Amino acid sequence: MYHPVKATLARLLMTACLLVAAAQSVTAQETTFRTYQDVAGFTCEFPSDWSFDQAKNSDRIFTSANIRDATIIIQVIDRQKAEGQTAAFQLEALKAQLLQAPDGRILNEGTAPISEQQAPYLIASYTIAGSTGKPGPFRHIQMVVTAPQVFLLMSYSAPDASFDTHMRVFQNCSATLSLEAADMPTPTVAEDPGSAETSTAEPDIAAPGSEDTLIWRHNSDRGFWITVPSIWSEAIDDAEPYSVDMQHPERVEGVIVFVVDMDQTTTVKDYADTWEQYVADKIFFMNDRLALPETAHPGVGLKDVAGIMRQYQGEVNGATVRSLAAYVINKKRGFTVVGYHFLGDHKGEKRIRDAVMSFRLVPPAG
């Protein structure tokens, strides 16, 4: 049986997770990049301090809290449903929209070698009100990349004064763009996780010894409860970070709860970002963060203690493993609850998702 983390990961994490407590005191560090993988069939790299969001119209939006008004947007257009069947046609439609903006004009047009194709692009300028509320000149680069099943309408915009400075982020995104068929199933993490009652309900009762027999496990050392299949093994590592590893006895499927004691309180988003920067890529099933909007955990039972959820994937022995992680902060303690399963195993996906959703910091009701 392959053991996902114990044996080697604990030692790797020992030093890395100690950095979480001091993350906010770091004033300068080298830029690190993380791979964002999208269910539409593309991957690209962004600086780890850039955040991802998904608009209601499904536009992928990347921004940085440290860079004012710089935005990268990737629109995904189904080629079979697109009005025009060429990248040039898509760019012309976007060009018309940009020319309608206040003071809109085209500064340059051309093609660039992106993902083994010559992708058409243009650079435009216009006047809009940024975060200051005062209208000012902006520049905008728009590129259209043809993927196997979709068009990617990739844009970068920023105030004219800082456009060139941060253009490198868009250039790196374009240079690292990798395309593949969009054959991955829609991840469930973006769905409505339901109400807090989902976590407090008693587990369903099934035949003893089956994968569907669910039990509550209580960890008294770190004060949490979680529901898992009864046949999953359980191993506790009290090193730093403290962890409880619960896994299927025959395949790559399970949940690991990592607990970090910190010197100061921090926001749950800062905790999640720091975990990704220092630790996530050490865990094979968290190597790549999927470009999906983070969602809220349904509740851990404590008032005003909320969690966020993100999704990742990696590979082991040539097989893709998907994972769902919940991050929770309570006082000076951080929890990372990550469930993993083989991609395509829908029953396994449901088991790990239910387990992550069930995580609580108070005794379950009933």
# chains A, B, ... in the order shown; residues from 1 in each chain; ligands from 1
>>> select_by_dssp(residues="range 229-336 of chain A", states="helix (DSSP H, G or I)", output="list of chain:residue names")
A:Val268, A:Lys269, A:Asp270, A:Tyr271, A:Ala272, A:Asp273, A:Thr274, A:Trp275, A:Glu276, A:Gln277, A:Tyr278, A:Ala280, A:Asp281, A:Lys282, A:Phe284, A:Phe285, A:Met286
>>> residues_around(residues="Trp225 in chain A", least_positions_apart="2", cutoff="6 Å", atoms="only C-alpha atoms", output="list of chain:residue names")
A:Arg217, A:His218, A:Phe359, A:Arg360
>>> residues_around(residues="Ser157 in chain A", least_positions_apart="2", cutoff="10 Å", atoms="only C-alpha atoms", output="ChimeraX atom specification")
/A:69-73,123-125,138-142,155,159-160,162-163,166-167,170
>>> write_last_selection(atoms="N, CA and C atoms", output="tab-separated table (two decimals), in the first residue's frame")
chain	number	residue	atom	x	y	z
A	69	ASP	N	-4.99	48.08	-9.22
A	69	ASP	CA	-5.71	48.18	-10.50
A	69	ASP	C	-5.12	47.34	-11.64
A	70	ALA	N	-4.21	46.44	-11.35
A	70	ALA	CA	-3.71	45.53	-12.39
A	70	ALA	C	-4.55	44.27	-12.36
A	71	THR	N	-5.10	43.90	-13.51
A	71	THR	CA	-6.01	42.75	-13.58
A	71	THR	C	-5.72	41.92	-14.82
A	72	ILE	N	-5.69	40.60	-14.63
A	72	ILE	CA	-5.61	39.66	-15.75
A	72	ILE	C	-6.90	38.85	-15.76
A	73	ILE	N	-7.54	38.79	-16.91
A	73	ILE	CA	-8.80	38.07	-17.05
A	73	ILE	C	-8.67	37.06	-18.18
A	123	ILE	N	-3.00	45.93	-28.48
A	123	ILE	CA	-2.82	46.77	-27.30
A	123	ILE	C	-3.67	48.02	-27.49
A	124	ALA	N	-4.50	48.33	-26.51
A	124	ALA	CA	-5.41	49.47	-26.60
A	124	ALA	C	-5.20	50.39	-25.41
A	125	SER	N	-5.75	51.57	-25.51
A	125	SER	CA	-5.76	52.51	-24.38
A	125	SER	C	-7.16	53.10	-24.25
A	138	PHE	N	-5.65	54.13	-18.97
A	138	PHE	CA	-5.31	52.72	-18.79
A	138	PHE	C	-4.83	52.16	-20.11
A	139	ARG	N	-3.97	51.14	-20.02
A	139	ARG	CA	-3.62	50.37	-21.21
A	139	ARG	C	-4.12	48.94	-21.04
A	140	HIS	N	-4.34	48.29	-22.16
A	140	HIS	CA	-5.01	46.99	-22.15
A	140	HIS	C	-4.44	46.15	-23.29
A	141	ILE	N	-3.95	44.95	-22.95
A	141	ILE	CA	-3.53	44.02	-23.99
A	141	ILE	C	-4.55	42.90	-24.06
A	142	GLN	N	-4.97	42.56	-25.27
A	142	GLN	CA	-5.97	41.51	-25.48
A	142	GLN	C	-5.41	40.49	-26.45
A	155	SER	N	-6.59	38.76	-21.28
A	155	SER	CA	-6.35	40.20	-21.26
A	155	SER	C	-5.61	40.62	-20.00
A	159	PRO	N	-3.18	50.75	-15.03
A	159	PRO	CA	-2.97	52.18	-15.30
A	159	PRO	C	-1.76	52.37	-16.19
A	160	ASP	N	-1.83	53.35	-17.04
A	160	ASP	CA	-0.75	53.59	-18.00
A	160	ASP	C	0.61	53.70	-17.32
A	162	SER	N	1.79	52.23	-14.69
A	162	SER	CA	2.36	50.99	-14.15
A	162	SER	C	2.20	49.80	-15.09
A	163	PHE	N	1.65	50.02	-16.27
A	163	PHE	CA	1.37	48.93	-17.21
A	163	PHE	C	2.63	48.14	-17.54
A	166	HIS	N	4.22	45.79	-14.59
A	166	HIS	CA	3.59	44.53	-14.21
A	166	HIS	C	3.24	43.66	-15.41
A	167	MET	N	3.65	44.11	-16.59
A	167	MET	CA	3.41	43.33	-17.81
A	167	MET	C	4.07	41.95	-17.72
A	170	PHE	N	1.73	39.01	-16.98
A	170	PHE	CA	0.96	38.52	-18.13
A	170	PHE	C	1.87	37.76	-19.09
>>> residues_around(residues="Ala306 in chain A", least_positions_apart="4", cutoff="9 Å", atoms="only C-alpha atoms", output="ChimeraX atom specification")
/A:268,296-300,302,327-330
>>> write_last_selection(atoms="N, CA and C atoms", output="mmCIF file, in the first residue's frame")
data_model
loop_
_atom_site.group_PDB
_atom_site.id
_atom_site.type_symbol
_atom_site.label_atom_id
_atom_site.label_comp_id
_atom_site.auth_asym_id
_atom_site.auth_seq_id
_atom_site.Cartn_x
_atom_site.Cartn_y
_atom_site.Cartn_z
ATOM 1 N N VAL A 268 -7.720 33.573 7.846
ATOM 2 C CA VAL A 268 -7.726 32.233 7.259
ATOM 3 C C VAL A 268 -7.170 32.263 5.844
ATOM 4 N N ALA A 296 -16.811 28.657 0.897
ATOM 5 C CA ALA A 296 -16.827 28.618 2.346
ATOM 6 C C ALA A 296 -17.074 27.202 2.849
ATOM 7 N N HIS A 297 -16.415 26.850 3.938
ATOM 8 C CA HIS A 297 -16.726 25.599 4.626
ATOM 9 C C HIS A 297 -18.095 25.773 5.284
ATOM 10 N N PRO A 298 -18.921 24.721 5.344
ATOM 11 C CA PRO A 298 -20.277 24.881 5.868
ATOM 12 C C PRO A 298 -20.342 25.211 7.348
ATOM 13 N N GLY A 299 -19.249 25.125 8.063
ATOM 14 C CA GLY A 299 -19.273 25.534 9.461
ATOM 15 C C GLY A 299 -18.629 24.516 10.365
ATOM 16 N N VAL A 300 -17.858 25.000 11.352
ATOM 17 C CA VAL A 300 -17.160 24.110 12.266
ATOM 18 C C VAL A 300 -17.776 24.137 13.656
ATOM 19 N N LEU A 302 -18.357 26.721 15.725
ATOM 20 C CA LEU A 302 -18.020 27.848 16.588
ATOM 21 C C LEU A 302 -18.459 29.148 15.918
ATOM 22 N N TYR A 327 -9.424 25.143 5.046
ATOM 23 C CA TYR A 327 -8.515 25.846 5.943
ATOM 24 C C TYR A 327 -9.350 26.550 7.012
ATOM 25 N N VAL A 328 -8.955 26.372 8.264
ATOM 26 C CA VAL A 328 -9.694 26.950 9.384
ATOM 27 C C VAL A 328 -8.703 27.540 10.373
ATOM 28 N N ILE A 329 -9.007 28.725 10.889
ATOM 29 C CA ILE A 329 -8.194 29.361 11.928
ATOM 30 C C ILE A 329 -9.065 29.547 13.166
ATOM 31 N N ASN A 330 -8.585 29.080 14.312
ATOM 32 C CA ASN A 330 -9.262 29.323 15.580
ATOM 33 C C ASN A 330 -8.225 29.788 16.590
#
>>> select_by_dssp(residues="range 126-165 of chain A", states="strand (DSSP E or B)", output="list in words")
Tyr126, Thr127, Ile128, Ala129, Pro135, Gly136, Pro137, Phe138, Arg139, His140, Ile141, Gln142, Met143, Val144, Val145, Thr146, Val150, Phe151, Leu152, Leu153, Met154, Ser155, Tyr156, Ser157, Ala158 and Pro159 of chain A
>>> write_last_selection(atoms="C-alpha atoms", output="PDB file, in the first residue's frame")
ATOM      1  CA  TYR A 126      -8.816  54.116 -22.791  1.00  0.00           C
ATOM      2  CA  THR A 127      -9.863  56.234 -19.833  1.00  0.00           C
ATOM      3  CA  ILE A 128     -11.643  54.777 -16.809  1.00  0.00           C
ATOM      4  CA  ALA A 129     -11.894  55.397 -13.066  1.00  0.00           C
ATOM      5  CA  PRO A 135     -10.696  58.784 -14.280  1.00  0.00           C
ATOM      6  CA  GLY A 136      -7.273  58.135 -15.708  1.00  0.00           C
ATOM      7  CA  PRO A 137      -5.503  56.522 -18.685  1.00  0.00           C
ATOM      8  CA  PHE A 138      -5.309  52.720 -18.786  1.00  0.00           C
ATOM      9  CA  ARG A 139      -3.621  50.374 -21.208  1.00  0.00           C
ATOM     10  CA  HIS A 140      -5.007  46.989 -22.148  1.00  0.00           C
ATOM     11  CA  ILE A 141      -3.531  44.019 -23.994  1.00  0.00           C
ATOM     12  CA  GLN A 142      -5.969  41.509 -25.479  1.00  0.00           C
ATOM     13  CA  MET A 143      -4.933  38.143 -26.881  1.00  0.00           C
ATOM     14  CA  VAL A 144      -6.921  35.216 -28.275  1.00  0.00           C
ATOM     15  CA  VAL A 145      -5.537  31.682 -27.953  1.00  0.00           C
ATOM     16  CA  THR A 146      -7.130  28.707 -29.698  1.00  0.00           C
ATOM     17  CA  VAL A 150     -12.382  26.603 -26.517  1.00  0.00           C
ATOM     18  CA  PHE A 151     -11.073  30.069 -27.259  1.00  0.00           C
ATOM     19  CA  LEU A 152      -9.140  31.709 -24.418  1.00  0.00           C
ATOM     20  CA  LEU A 153      -9.616  35.474 -24.451  1.00  0.00           C
ATOM     21  CA  MET A 154      -6.656  36.582 -22.336  1.00  0.00           C
ATOM     22  CA  SER A 155      -6.353  40.204 -21.257  1.00  0.00           C
ATOM     23  CA  TYR A 156      -4.199  42.339 -18.998  1.00  0.00           C
ATOM     24  CA  SER A 157      -5.059  45.899 -18.000  1.00  0.00           C
ATOM     25  CA  ALA A 158      -3.402  48.415 -15.703  1.00  0.00           C
ATOM     26  CA  PRO A 159      -2.973  52.177 -15.299  1.00  0.00           C
TER      27      PRO A 159
END
>>> residues_around(residues="Pro249 in chain A", least_positions_apart="3", cutoff="9 Å", atoms="only C-alpha atoms", output="list in words")
Met1, Ile231, Trp232, Ser233, Val252 and Glu253 of chain A
>>> write_last_selection(atoms="C-alpha atoms", output="PDB file, in the first residue's frame")
ATOM      1  CA  MET A   1       0.000   0.000   0.000  1.00  0.00           C
ATOM      2  CA  ILE A 231     -12.435   0.943   7.373  1.00  0.00           C
ATOM      3  CA  TRP A 232      -9.988   3.847   6.980  1.00  0.00           C
ATOM      4  CA  SER A 233      -6.834   3.458   9.045  1.00  0.00           C
ATOM      5  CA  VAL A 252      -5.013   6.327  -2.688  1.00  0.00           C
ATOM      6  CA  GLU A 253      -7.972   7.813  -0.836  1.00  0.00           C
TER       7      GLU A 253
END
>>> residues_around(residues="Ala55 in chain A", least_positions_apart="6", cutoff="12 Å", atoms="only C-alpha atoms", output="list of chain:residue names")
A:Ile61, A:Phe62, A:Ile73, A:Ile74, A:Gln75, A:Val76, A:Leu292, A:Pro293, A:Glu294
>>> write_last_selection(atoms="C-alpha atoms", output="PDB file, in the first residue's frame")
ATOM      1  CA  ILE A  61      -9.957  36.917 -12.751  1.00  0.00           C
ATOM      2  CA  PHE A  62      -6.435  37.233 -11.313  1.00  0.00           C
ATOM      3  CA  ILE A  73      -8.798  38.068 -17.049  1.00  0.00           C
ATOM      4  CA  ILE A  74      -9.191  34.818 -18.978  1.00  0.00           C
ATOM      5  CA  GLN A  75     -12.537  34.331 -20.689  1.00  0.00           C
ATOM      6  CA  VAL A  76     -13.370  30.829 -21.889  1.00  0.00           C
ATOM      7  CA  LEU A 292     -11.507  27.702  -9.131  1.00  0.00           C
ATOM      8  CA  PRO A 293     -13.079  30.219  -6.776  1.00  0.00           C
ATOM      9  CA  GLU A 294     -12.579  29.404  -3.132  1.00  0.00           C
TER      10      GLU A 294
END
>>> residues_around(residues="Asn172 in chain A", least_positions_apart="5", cutoff="12 Å", atoms="only C-alpha atoms", output="list in words")
Thr32, Phe33, Arg34, Thr35, Thr43, Cys44, Glu45, Phe46, Pro47, Ile72, Ile114, Tyr156, His166, Met167, Leu177 and Ser178 of chain A
>>> decode(residues="range 253-273 of chain A", atoms="N, CA and C atoms", output="short mmCIF file (atom, residue, chain, number, x, y, z; two decimals), in the first residue's frame")
data_model
loop_
_atom_site.label_atom_id
_atom_site.label_comp_id
_atom_site.auth_asym_id
_atom_site.auth_seq_id
_atom_site.Cartn_x
_atom_site.Cartn_y
_atom_site.Cartn_z
N GLU A 253 -6.74 7.12 -1.24
CA GLU A 253 -7.97 7.81 -0.84
C GLU A 253 -7.92 8.03 0.66
N GLY A 254 -8.20 9.22 1.11
CA GLY A 254 -8.20 9.46 2.54
C GLY A 254 -8.28 10.93 2.87
N VAL A 255 -8.11 11.24 4.14
CA VAL A 255 -8.14 12.61 4.64
C VAL A 255 -7.01 12.77 5.64
N ILE A 256 -6.30 13.88 5.54
CA ILE A 256 -5.26 14.21 6.51
C ILE A 256 -5.61 15.55 7.15
N VAL A 257 -5.55 15.61 8.46
CA VAL A 257 -5.78 16.86 9.18
C VAL A 257 -4.43 17.32 9.74
N PHE A 258 -3.94 18.45 9.27
CA PHE A 258 -2.71 19.05 9.78
C PHE A 258 -3.09 20.17 10.76
N VAL A 259 -2.36 20.27 11.87
CA VAL A 259 -2.63 21.30 12.87
C VAL A 259 -1.33 22.03 13.18
N VAL A 260 -1.37 23.35 13.08
CA VAL A 260 -0.19 24.17 13.32
C VAL A 260 -0.48 25.13 14.46
N ASP A 261 0.34 25.13 15.49
CA ASP A 261 0.24 26.11 16.57
C ASP A 261 1.11 27.30 16.20
N MET A 262 0.48 28.49 16.20
CA MET A 262 1.16 29.69 15.73
C MET A 262 1.40 30.66 16.88
N ASP A 263 2.32 31.59 16.66
CA ASP A 263 2.65 32.58 17.68
C ASP A 263 1.68 33.76 17.69
N GLN A 264 0.92 33.90 16.62
CA GLN A 264 0.00 35.02 16.53
C GLN A 264 -1.20 34.60 15.69
N THR A 265 -2.29 35.34 15.85
CA THR A 265 -3.46 35.07 15.03
C THR A 265 -3.26 35.65 13.65
N THR A 266 -3.95 35.10 12.67
CA THR A 266 -3.87 35.57 11.30
C THR A 266 -5.20 35.28 10.63
N THR A 267 -5.40 35.81 9.45
CA THR A 267 -6.64 35.54 8.73
C THR A 267 -6.56 34.17 8.08
N VAL A 268 -7.72 33.57 7.85
CA VAL A 268 -7.73 32.23 7.26
C VAL A 268 -7.17 32.26 5.84
N LYS A 269 -7.40 33.35 5.10
CA LYS A 269 -6.87 33.44 3.75
C LYS A 269 -5.34 33.54 3.77
N ASP A 270 -4.79 34.33 4.70
CA ASP A 270 -3.34 34.43 4.81
C ASP A 270 -2.74 33.07 5.19
N TYR A 271 -3.43 32.37 6.05
CA TYR A 271 -2.96 31.05 6.45
C TYR A 271 -2.95 30.10 5.25
N ALA A 272 -4.04 30.10 4.47
CA ALA A 272 -4.11 29.23 3.29
C ALA A 272 -3.04 29.60 2.27
N ASP A 273 -2.86 30.90 2.04
CA ASP A 273 -1.85 31.34 1.07
C ASP A 273 -0.45 30.93 1.50
#
